[in-house]
file input39.txt (compact mmCIF, C-alpha atoms and all ligand atoms)
# COMPACT_ATOMS: atom_id res chain seq x y z
CA MET A 1002 1.26 0.74 -7.12
CA THR A 1003 -0.23 3.62 -9.11
CA CYS A 1004 1.23 7.09 -9.70
CA ASN A 1005 -0.23 9.87 -7.57
CA LEU A 1006 -0.52 13.06 -9.64
CA LYS A 1007 -0.61 15.04 -6.39
CA TRP A 1008 2.74 13.84 -5.07
CA THR A 1009 4.63 16.87 -3.76
CA ASP A 1010 7.59 15.97 -5.96
CA VAL A 1011 5.31 16.15 -9.02
CA VAL A 1012 3.45 19.32 -8.08
CA LYS A 1013 6.52 21.35 -7.14
CA ASN A 1014 8.11 20.64 -10.53
CA LEU A 1015 5.20 21.94 -12.59
CA LEU A 1016 5.48 25.28 -14.28
CA LEU A 1017 2.92 28.00 -13.77
CA CYS A 1018 -0.50 27.05 -15.25
CA GLN A 1019 0.57 23.41 -15.76
CA ILE A 1020 -1.19 20.40 -14.31
CA ALA A 1021 0.42 16.99 -13.82
CA ALA A 1022 -1.27 15.64 -16.97
CA ASN A 1023 0.76 18.19 -18.99
CA ARG A 1024 4.03 16.72 -17.71
CA PRO A 1025 4.21 12.96 -18.20
CA ASP A 1026 8.01 13.31 -18.06
CA VAL A 1027 7.87 14.60 -14.48
CA CYS A 1028 5.25 12.03 -13.45
CA LYS A 1029 7.28 9.19 -14.91
CA ARG A 1030 10.51 10.30 -13.24
CA VAL A 1031 8.91 10.65 -9.79
CA PHE A 1032 7.02 7.40 -10.23
CA ASN A 1033 10.25 5.56 -11.05
CA LEU A 1034 11.96 6.94 -7.93
CA LYS A 1035 9.06 5.81 -5.73
CA LYS A 1036 8.98 2.44 -7.44
CA ASP A 1037 12.71 1.95 -6.81
CA TYR A 1038 12.20 2.90 -3.17
CA LEU A 1039 9.42 0.33 -2.84
CA VAL A 1040 11.63 -2.36 -4.38
CA ASP A 1041 14.45 -1.41 -1.97
CA LEU A 1042 12.13 -1.69 1.03
CA VAL A 1043 11.06 -5.15 -0.08
CA ARG A 1044 14.67 -6.21 -0.61
CA GLN A 1045 15.43 -4.90 2.89
CA LYS A 1046 12.96 -7.48 4.27
CA LEU A 1047 9.83 -5.37 4.73
CA PHE A 1048 7.84 -8.58 4.31
CA GLY A 1049 10.61 -10.95 5.42
CA GLU A 1050 13.53 -12.52 3.65
CA VAL A 1051 13.16 -12.49 -0.11
CA MET A 1052 14.01 -15.44 -2.30
CA ALA A 1053 12.98 -13.83 -5.60
CA TYR A 1054 10.89 -11.05 -7.05
CA VAL A 1055 9.64 -9.94 -10.43
CA TYR A 1056 7.87 -6.80 -11.51
CA THR A 1057 6.32 -5.17 -14.54
CA VAL A 1058 5.70 -1.48 -15.18
CA GLU A 1059 2.86 -0.12 -17.29
CA PHE A 1060 2.75 3.45 -18.40
CA GLN A 1061 -0.71 3.42 -19.91
CA LYS A 1062 -2.98 1.87 -17.30
CA ARG A 1063 -5.92 4.24 -17.23
CA GLY A 1064 -3.44 6.91 -18.19
CA LEU A 1065 -1.28 6.59 -15.07
CA PRO A 1066 2.04 4.81 -14.52
CA HIS A 1067 1.27 1.54 -12.80
CA PHE A 1068 3.48 -1.16 -11.33
CA HIS A 1069 2.94 -4.81 -10.32
CA MET A 1070 5.40 -6.76 -8.19
CA LEU A 1071 5.36 -10.37 -7.11
CA VAL A 1072 7.62 -11.31 -4.20
CA THR A 1073 8.51 -14.88 -3.30
CA PRO A 1074 9.69 -15.11 0.31
CA LYS A 1075 12.25 -17.58 1.57
CA GLN A 1076 10.78 -20.63 3.28
CA ASN A 1077 11.35 -19.16 6.78
CA SER A 1078 9.42 -15.98 5.83
CA LYS A 1079 6.42 -17.55 4.11
CA ILE A 1080 3.09 -16.12 5.26
CA THR A 1081 1.12 -19.20 6.16
CA ASN A 1082 -1.30 -18.19 8.90
CA PRO A 1083 -3.85 -15.40 9.51
CA ASN A 1084 -1.84 -13.82 12.34
CA THR A 1085 1.14 -13.29 10.07
CA VAL A 1086 -1.10 -11.87 7.35
CA GLY A 1087 -2.24 -9.24 9.87
CA GLN A 1088 1.35 -8.21 10.58
CA PHE A 1089 1.81 -7.07 6.99
CA VAL A 1090 -1.56 -6.40 5.41
CA SER A 1091 -4.61 -4.47 6.59
CA ALA A 1092 -8.00 -4.18 4.91
CA GLU A 1093 -9.67 -1.74 7.28
CA ILE A 1094 -10.04 2.02 7.11
CA LEU A 1095 -8.72 2.73 10.64
CA ASP A 1096 -9.82 5.06 13.38
CA PRO A 1097 -8.47 8.59 12.69
CA ASN A 1098 -7.79 8.94 16.43
CA VAL A 1099 -5.33 6.05 16.22
CA ASN A 1100 -3.36 7.15 13.15
CA LYS A 1101 -4.77 10.20 11.40
CA LYS A 1102 -2.14 10.32 8.64
CA LEU A 1103 -2.58 6.69 7.68
CA GLN A 1104 -6.37 6.94 7.92
CA GLU A 1105 -6.29 9.84 5.45
CA MET A 1106 -4.07 7.86 3.07
CA VAL A 1107 -6.45 4.92 3.21
CA MET A 1108 -9.46 7.16 2.59
CA LYS A 1109 -7.74 8.83 -0.37
CA HIS A 1110 -6.05 5.87 -2.01
CA MET A 1111 -7.19 2.52 -0.62
CA ASN A 1112 -10.95 2.59 -1.00
CA HIS A 1113 -12.90 1.14 -3.88
CA GLY A 1114 -15.89 3.08 -5.12
CA PRO A 1115 -18.05 4.41 -6.42
CA CYS A 1116 -17.95 1.76 -9.15
CA ALA A 1117 -17.79 3.03 -12.72
CA ASP A 1118 -17.34 1.77 -16.27
CA TRP A 1119 -13.73 0.69 -15.70
CA CYS A 1120 -14.66 -1.90 -13.03
CA LYS A 1121 -18.22 -2.84 -13.97
CA VAL A 1122 -18.98 -5.94 -15.99
CA LYS A 1123 -22.64 -6.61 -16.76
CA GLY A 1124 -23.64 -4.04 -14.15
CA LYS A 1125 -21.58 -5.62 -11.36
CA CYS A 1126 -18.23 -4.71 -9.88
CA SER A 1127 -15.63 -7.05 -11.40
CA LYS A 1128 -13.41 -6.42 -8.36
CA ARG A 1129 -16.20 -7.72 -6.12
CA PHE A 1130 -16.61 -4.60 -3.99
CA PRO A 1131 -18.05 -4.07 -1.50
CA LYS A 1132 -16.69 -7.27 0.08
CA SER A 1133 -18.51 -9.13 2.86
CA PHE A 1134 -17.86 -8.23 6.47
CA GLN A 1135 -15.28 -10.51 8.02
CA GLN A 1136 -14.75 -10.65 11.79
CA GLU A 1137 -11.25 -12.04 11.53
CA THR A 1138 -8.73 -12.93 8.85
CA THR A 1139 -9.01 -16.50 7.63
CA MET A 1140 -7.11 -18.50 5.03
CA ASP A 1141 -8.61 -21.12 2.79
CA LYS A 1142 -7.00 -24.47 1.98
CA SER A 1143 -4.90 -22.96 -0.77
CA GLY A 1144 -3.60 -20.26 1.58
CA TYR A 1145 -5.64 -17.42 0.08
CA PRO A 1146 -6.71 -14.97 2.82
CA GLN A 1147 -10.08 -13.39 3.45
CA TYR A 1148 -9.09 -10.21 5.21
CA HIS A 1149 -10.40 -8.96 8.55
CA GLN A 1150 -13.06 -6.30 7.73
CA ARG A 1151 -15.26 -5.76 10.75
CA ASP A 1152 -18.77 -4.37 10.84
CA THR A 1153 -18.24 -1.43 13.19
CA GLY A 1154 -21.31 0.46 12.00
CA ILE A 1155 -19.05 3.44 11.25
CA LEU A 1156 -19.43 5.04 7.83
CA TYR A 1157 -16.84 7.24 6.17
CA GLU A 1158 -17.55 9.85 3.54
CA LYS A 1159 -15.28 10.16 0.54
CA LYS A 1160 -14.93 13.15 -1.70
CA GLY A 1161 -18.11 13.44 -3.76
CA SER A 1162 -20.30 12.31 -0.84
CA PHE A 1163 -19.76 8.61 -1.53
CA VAL A 1164 -20.15 6.70 1.73
CA VAL A 1165 -17.96 3.68 2.50
CA ASP A 1166 -17.33 1.25 5.33
CA TYR A 1167 -14.61 -1.36 5.90
CA ARG A 1168 -15.98 -3.54 3.07
CA ASN A 1169 -14.70 -0.98 0.56
CA ALA A 1170 -11.11 -1.01 1.84
CA VAL A 1171 -8.51 -2.37 -0.57
CA PRO A 1172 -5.83 -4.46 1.22
CA TYR A 1173 -2.72 -2.41 1.90
CA SER A 1174 0.55 -2.35 3.81
CA PRO A 1175 0.41 0.37 6.50
CA THR A 1176 4.15 0.97 6.05
CA LEU A 1177 4.02 1.34 2.27
CA SER A 1178 0.90 3.50 2.30
CA THR A 1179 2.45 5.81 4.89
CA VAL A 1180 5.74 6.32 3.06
CA LEU A 1181 4.51 6.30 -0.55
CA ASN A 1182 1.25 8.28 -0.36
CA CYS A 1183 -0.42 6.60 -3.34
CA HIS A 1184 -2.49 3.56 -4.25
CA VAL A 1185 -0.43 0.50 -3.23
CA ASN A 1186 -2.52 -2.67 -3.08
CA VAL A 1187 -0.70 -5.41 -1.14
CA GLU A 1188 -2.06 -8.94 -0.98
CA VAL A 1189 -0.88 -12.37 0.09
CA VAL A 1190 -1.13 -14.76 -2.83
CA SER A 1191 -0.56 -18.46 -3.01
CA SER A 1192 -1.41 -19.31 -6.58
CA ILE A 1193 0.62 -19.37 -9.77
CA ASN A 1194 -2.22 -17.28 -11.24
CA ALA A 1195 -0.57 -14.23 -9.67
CA VAL A 1196 2.32 -14.64 -12.11
CA MET A 1197 -0.15 -14.92 -14.97
CA TYR A 1198 -1.92 -11.80 -13.75
CA ILE A 1199 1.07 -9.50 -13.77
CA TYR A 1200 2.20 -10.66 -17.19
CA THR A 1201 -1.16 -10.79 -18.90
CA SER A 1202 -2.21 -7.41 -17.51
CA THR A 1203 0.92 -5.92 -19.07
CA PHE A 1204 1.44 -7.78 -22.31
CA MET A 1205 -1.97 -9.06 -23.45
CA LYS A 1206 -3.51 -5.67 -24.23
ZN ZN B 1301 -16.12 -1.55 -8.60

call {"tool": "encode", "arguments": {"input": "input39.txt", "output": "structure tokens"}}
result
Amino acid sequence: MTCNLKWTDVVKNLLLCQIAANRPDVCKRVFNLKKDYLVDLVRQKLFGEVMAYVYTVEFQKRGLPHFHMLVTPKQNSKITNPNTVGQFVSAEILDPNVNKKLQEMVMKHMNHGPCADWCKVKGKCSKRFPKSFQQETTMDKSGYPQYHQRDTGILYEKKGSFVVDYRNAVPYSPTLSTVLNCHVNVEVVSSINAVMYIYTSTFMK
């Protein structure tokens, strides 16, 4: 989850002529409230019964407060098949006629691109966007999902005239994106590398 400098709670607490970047104290306080709310939702079984969780908070990731959380579900709540993945995680932009609010959130916060210096390595996107079209969600032998990202032929224009389709969507939880209004990437993981990722991204800089 990444801080949104345009959260209403941030903007309404700025003084005249201030922008959010002038008030890291306000941003940090609002971010912490949203982060605590997210943790509460998870504890209240948003993704099923929780056996354990761990999180790290960074306050310098590209200048914005940033939070990683790894949740280990109880055995009866483990996500082990593509249908269950689809109940919690989406990787499509959505039809605005179906859910306009969520579609706007996804367009604002859950799309990758255009690629820039921060994600490019040797001229290529290190996050591997755009992904390949995928007719349905599948899971490989280790339980790692390839998310449903259909080729509908529909293109969506982001601010700055950058055109995207479903391949640019970053996996998200419709519930969390709706209530938090910020970048919240949610993925099903099955490897111990996820633990390494959240610790190394925080402490190995
Ligand atoms: Zn990129």

call {"tool": "residues_around", "arguments": {"input": "input39.txt", "residues": "A:Gly1087", "least_positions_apart": "4", "cutoff": "12 Å", "atoms": "only C-alpha atoms", "output": "PyMOL selection string"}}
result
chain A and resi 1048+1080-1083+1091-1093+1137-1140+1146-1150+1172-1175+1187-1189

call {"tool": "closest_atom_pairs", "arguments": {"input": "input39.txt", "of": "chain A", "to": "ligand ZN 1301 (chain B)", "cutoff": "9 Å", "atoms": "all atoms listed in the file", "output": "tab-separated table"}}
result
residue	atom	partner	partner_atom	distance
A:His1113	CA	B:ZN1301	ZN	6.3
A:Gly1114	CA	B:ZN1301	ZN	5.8
A:Pro1115	CA	B:ZN1301	ZN	6.6
A:Cys1116	CA	B:ZN1301	ZN	3.8
A:Ala1117	CA	B:ZN1301	ZN	6.4
A:Asp1118	CA	B:ZN1301	ZN	8.4
A:Trp1119	CA	B:ZN1301	ZN	7.8
A:Cys1120	CA	B:ZN1301	ZN	4.7
A:Lys1121	CA	B:ZN1301	ZN	5.9
A:Lys1125	CA	B:ZN1301	ZN	7.3
A:Cys1126	CA	B:ZN1301	ZN	4.0
A:Ser1127	CA	B:ZN1301	ZN	6.2
A:Lys1128	CA	B:ZN1301	ZN	5.6
A:Arg1129	CA	B:ZN1301	ZN	6.7
A:Phe1130	CA	B:ZN1301	ZN	5.5
A:Pro1131	CA	B:ZN1301	ZN	7.8

call {"tool": "write_last_selection", "arguments": {"input": "input39.txt", "atoms": "C-alpha atoms", "output": "JSON list (two decimals), keeping the file's coordinate frame"}}
result
[["chain", "number", "residue", "atom", "x", "y", "z"],
["A", 1113, "HIS", "CA", -12.90, 1.14, -3.88],
["A", 1114, "GLY", "CA", -15.89, 3.08, -5.12],
["A", 1115, "PRO", "CA", -18.05, 4.41, -6.42],
["A", 1116, "CYS", "CA", -17.95, 1.76, -9.15],
["A", 1117, "ALA", "CA", -17.79, 3.03, -12.72],
["A", 1118, "ASP", "CA", -17.34, 1.77, -16.27],
["A", 1119, "TRP", "CA", -13.73, 0.69, -15.70],
["A", 1120, "CYS", "CA", -14.66, -1.90, -13.03],
["A", 1121, "LYS", "CA", -18.22, -2.84, -13.97],
["A", 1125, "LYS", "CA", -21.58, -5.62, -11.36],
["A", 1126, "CYS", "CA", -18.23, -4.71, -9.88],
["A", 1127, "SER", "CA", -15.63, -7.05, -11.40],
["A", 1128, "LYS", "CA", -13.41, -6.42, -8.36],
["A", 1129, "ARG", "CA", -16.20, -7.72, -6.12],
["A", 1130, "PHE", "CA", -16.61, -4.60, -3.99],
["A", 1131, "PRO", "CA", -18.05, -4.07, -1.50]]

call {"tool": "residues_around", "arguments": {"input": "input39.txt", "residues": "A:Pro1074", "least_positions_apart": "6", "cutoff": "9 Å", "atoms": "all atoms listed in the file", "output": "ChimeraX atom specification"}}
result
/A:1048-1054,1080

call {"tool": "atom_distance", "arguments": {"input": "input39.txt", "atom1": "atom CA of A:Thr1009", "atom2": "atom CA of A:Leu1034"}}
result
13.0 Å

call {"tool": "closest_residue", "arguments": {"input": "input39.txt", "among": "A:Cys1028, A:Leu1039, A:Asp1096, A:Lys1109", "to": "A:Gly1161", "atoms": "only C-alpha atoms"}}
result
A:Lys1109

call {"tool": "atom_distance", "arguments": {"input": "input39.txt", "atom1": "atom CA of A:Val1072", "atom2": "atom CA of A:Thr1176"}}
result
16.4 Å

call {"tool": "closest_residue", "arguments": {"input": "input39.txt", "among": "A:Phe1134, A:Phe1163, A:Tyr1056, A:Phe1068", "to": "A:Met1108", "atoms": "only C-alpha atoms"}}
result
A:Phe1163

call {"tool": "atom_distance", "arguments": {"input": "input39.txt", "atom1": "atom CA of A:Pro1025", "atom2": "atom CA of A:Lys1159"}}
result
27.2 Å

call {"tool": "closest_residue", "arguments": {"input": "input39.txt", "among": "A:Lys1013, A:Ala1170, A:Gln1104, A:His1184", "to": "A:Leu1065", "atoms": "only C-alpha atoms"}}
result
A:His1184

call {"tool": "residues_around", "arguments": {"input": "input39.txt", "residues": "A:Glu1105", "least_positions_apart": "4", "cutoff": "12 Å", "atoms": "only C-alpha atoms", "output": "list in words"}}
result
Ile1094, Leu1095, Asp1096, Pro1097, Asn1098, Val1099, Asn1100, Lys1101, Lys1109, His1110, Met1111, Asn1112, Tyr1157, Glu1158, Lys1159, Lys1160, Pro1175, Ser1178, Thr1179, Asn1182 and Cys1183 of chain A

call {"tool": "closest_residue", "arguments": {"input": "input39.txt", "among": "A:Trp1008, A:Leu1071, A:Lys1046, A:Ala1022", "to": "A:Val1180", "atoms": "only C-alpha atoms"}}
result
A:Trp1008

call {"tool": "closest_residue", "arguments": {"input": "input39.txt", "among": "A:Val1185, A:Lys1132, A:Ser1143, A:Thr1085", "to": "A:Tyr1167", "atoms": "all atoms listed in the file"}}
result
A:Lys1132

call {"tool": "closest_residue", "arguments": {"input": "input39.txt", "among": "A:Asp1152, A:Pro1066, A:Gln1019, A:Asn1084", "to": "A:Asn1033", "atoms": "only C-alpha atoms"}}
result
A:Pro1066

call {"tool": "decode", "arguments": {"input": "input39.txt", "residues": "stretch 1145-1174 of chain A", "atoms": "N, CA and C atoms", "output": "compact mmCIF listing (two decimals), in the first residue's frame"}}
result
# COMPACT_ATOMS: atom_id res chain seq x y z
N TYR A 1145 1.54 -20.46 -7.64
CA TYR A 1145 1.64 -19.04 -8.00
C TYR A 1145 0.65 -18.74 -9.13
N PRO A 1146 -0.26 -17.78 -8.94
CA PRO A 1146 -1.28 -17.55 -9.98
C PRO A 1146 -0.82 -16.66 -11.14
N GLN A 1147 -1.35 -16.97 -12.29
CA GLN A 1147 -1.32 -16.05 -13.44
C GLN A 1147 -2.74 -15.52 -13.52
N TYR A 1148 -2.89 -14.23 -13.35
CA TYR A 1148 -4.23 -13.68 -13.20
C TYR A 1148 -4.95 -13.50 -14.53
N HIS A 1149 -6.24 -13.72 -14.48
CA HIS A 1149 -7.21 -13.50 -15.53
C HIS A 1149 -7.09 -12.06 -16.06
N GLN A 1150 -6.60 -11.89 -17.31
CA GLN A 1150 -6.52 -10.56 -17.93
C GLN A 1150 -6.91 -10.73 -19.39
N ARG A 1151 -8.20 -10.56 -19.65
CA ARG A 1151 -8.72 -10.88 -20.98
C ARG A 1151 -8.38 -9.82 -22.02
N ASP A 1152 -8.35 -10.30 -23.27
CA ASP A 1152 -8.16 -9.38 -24.40
C ASP A 1152 -9.54 -8.97 -24.89
N THR A 1153 -10.04 -7.86 -24.38
CA THR A 1153 -11.39 -7.40 -24.76
C THR A 1153 -11.33 -6.45 -25.94
N GLY A 1154 -10.12 -6.02 -26.30
CA GLY A 1154 -9.99 -5.04 -27.38
C GLY A 1154 -10.28 -3.61 -26.93
N ILE A 1155 -10.67 -3.47 -25.65
CA ILE A 1155 -10.99 -2.13 -25.14
C ILE A 1155 -9.72 -1.47 -24.59
N LEU A 1156 -9.50 -0.23 -25.00
CA LEU A 1156 -8.34 0.52 -24.50
C LEU A 1156 -8.83 1.62 -23.58
N TYR A 1157 -8.03 1.93 -22.59
CA TYR A 1157 -8.39 2.97 -21.62
C TYR A 1157 -7.27 4.01 -21.62
N GLU A 1158 -7.67 5.26 -21.55
CA GLU A 1158 -6.66 6.33 -21.59
C GLU A 1158 -6.43 6.88 -20.19
N LYS A 1159 -5.16 6.87 -19.80
CA LYS A 1159 -4.79 7.45 -18.50
C LYS A 1159 -4.44 8.92 -18.70
N LYS A 1160 -4.31 9.59 -17.56
CA LYS A 1160 -3.88 10.98 -17.61
C LYS A 1160 -2.55 11.05 -18.37
N GLY A 1161 -2.38 12.01 -19.23
CA GLY A 1161 -1.14 12.12 -19.99
C GLY A 1161 -1.23 11.36 -21.30
N SER A 1162 -2.44 10.93 -21.67
CA SER A 1162 -2.70 10.24 -22.94
C SER A 1162 -2.00 8.90 -23.07
N PHE A 1163 -1.64 8.27 -21.98
CA PHE A 1163 -1.04 6.93 -22.04
C PHE A 1163 -2.18 5.91 -22.10
N VAL A 1164 -2.11 5.05 -23.12
CA VAL A 1164 -3.22 4.10 -23.34
C VAL A 1164 -2.87 2.74 -22.75
N VAL A 1165 -3.83 2.16 -22.02
CA VAL A 1165 -3.60 0.86 -21.38
C VAL A 1165 -4.72 -0.10 -21.72
N ASP A 1166 -4.46 -1.38 -21.52
CA ASP A 1166 -5.53 -2.38 -21.55
C ASP A 1166 -5.36 -3.26 -20.31
N TYR A 1167 -6.04 -4.40 -20.26
CA TYR A 1167 -6.03 -5.20 -19.04
C TYR A 1167 -4.62 -5.70 -18.67
N ARG A 1168 -3.71 -5.76 -19.65
CA ARG A 1168 -2.36 -6.26 -19.35
C ARG A 1168 -1.58 -5.33 -18.44
N ASN A 1169 -2.05 -4.07 -18.33
CA ASN A 1169 -1.35 -3.11 -17.47
C ASN A 1169 -1.90 -3.08 -16.04
N ALA A 1170 -2.98 -3.84 -15.80
CA ALA A 1170 -3.59 -3.78 -14.47
C ALA A 1170 -2.72 -4.50 -13.45
N VAL A 1171 -2.55 -3.86 -12.31
CA VAL A 1171 -1.80 -4.44 -11.18
C VAL A 1171 -2.81 -5.16 -10.29
N PRO A 1172 -2.56 -6.43 -9.90
CA PRO A 1172 -3.55 -7.16 -9.10
C PRO A 1172 -3.96 -6.40 -7.83
N TYR A 1173 -5.27 -6.42 -7.58
CA TYR A 1173 -5.79 -5.64 -6.46
C TYR A 1173 -6.98 -6.36 -5.82
N SER A 1174 -7.31 -5.94 -4.61
CA SER A 1174 -8.53 -6.41 -3.95
C SER A 1174 -9.60 -5.36 -4.19
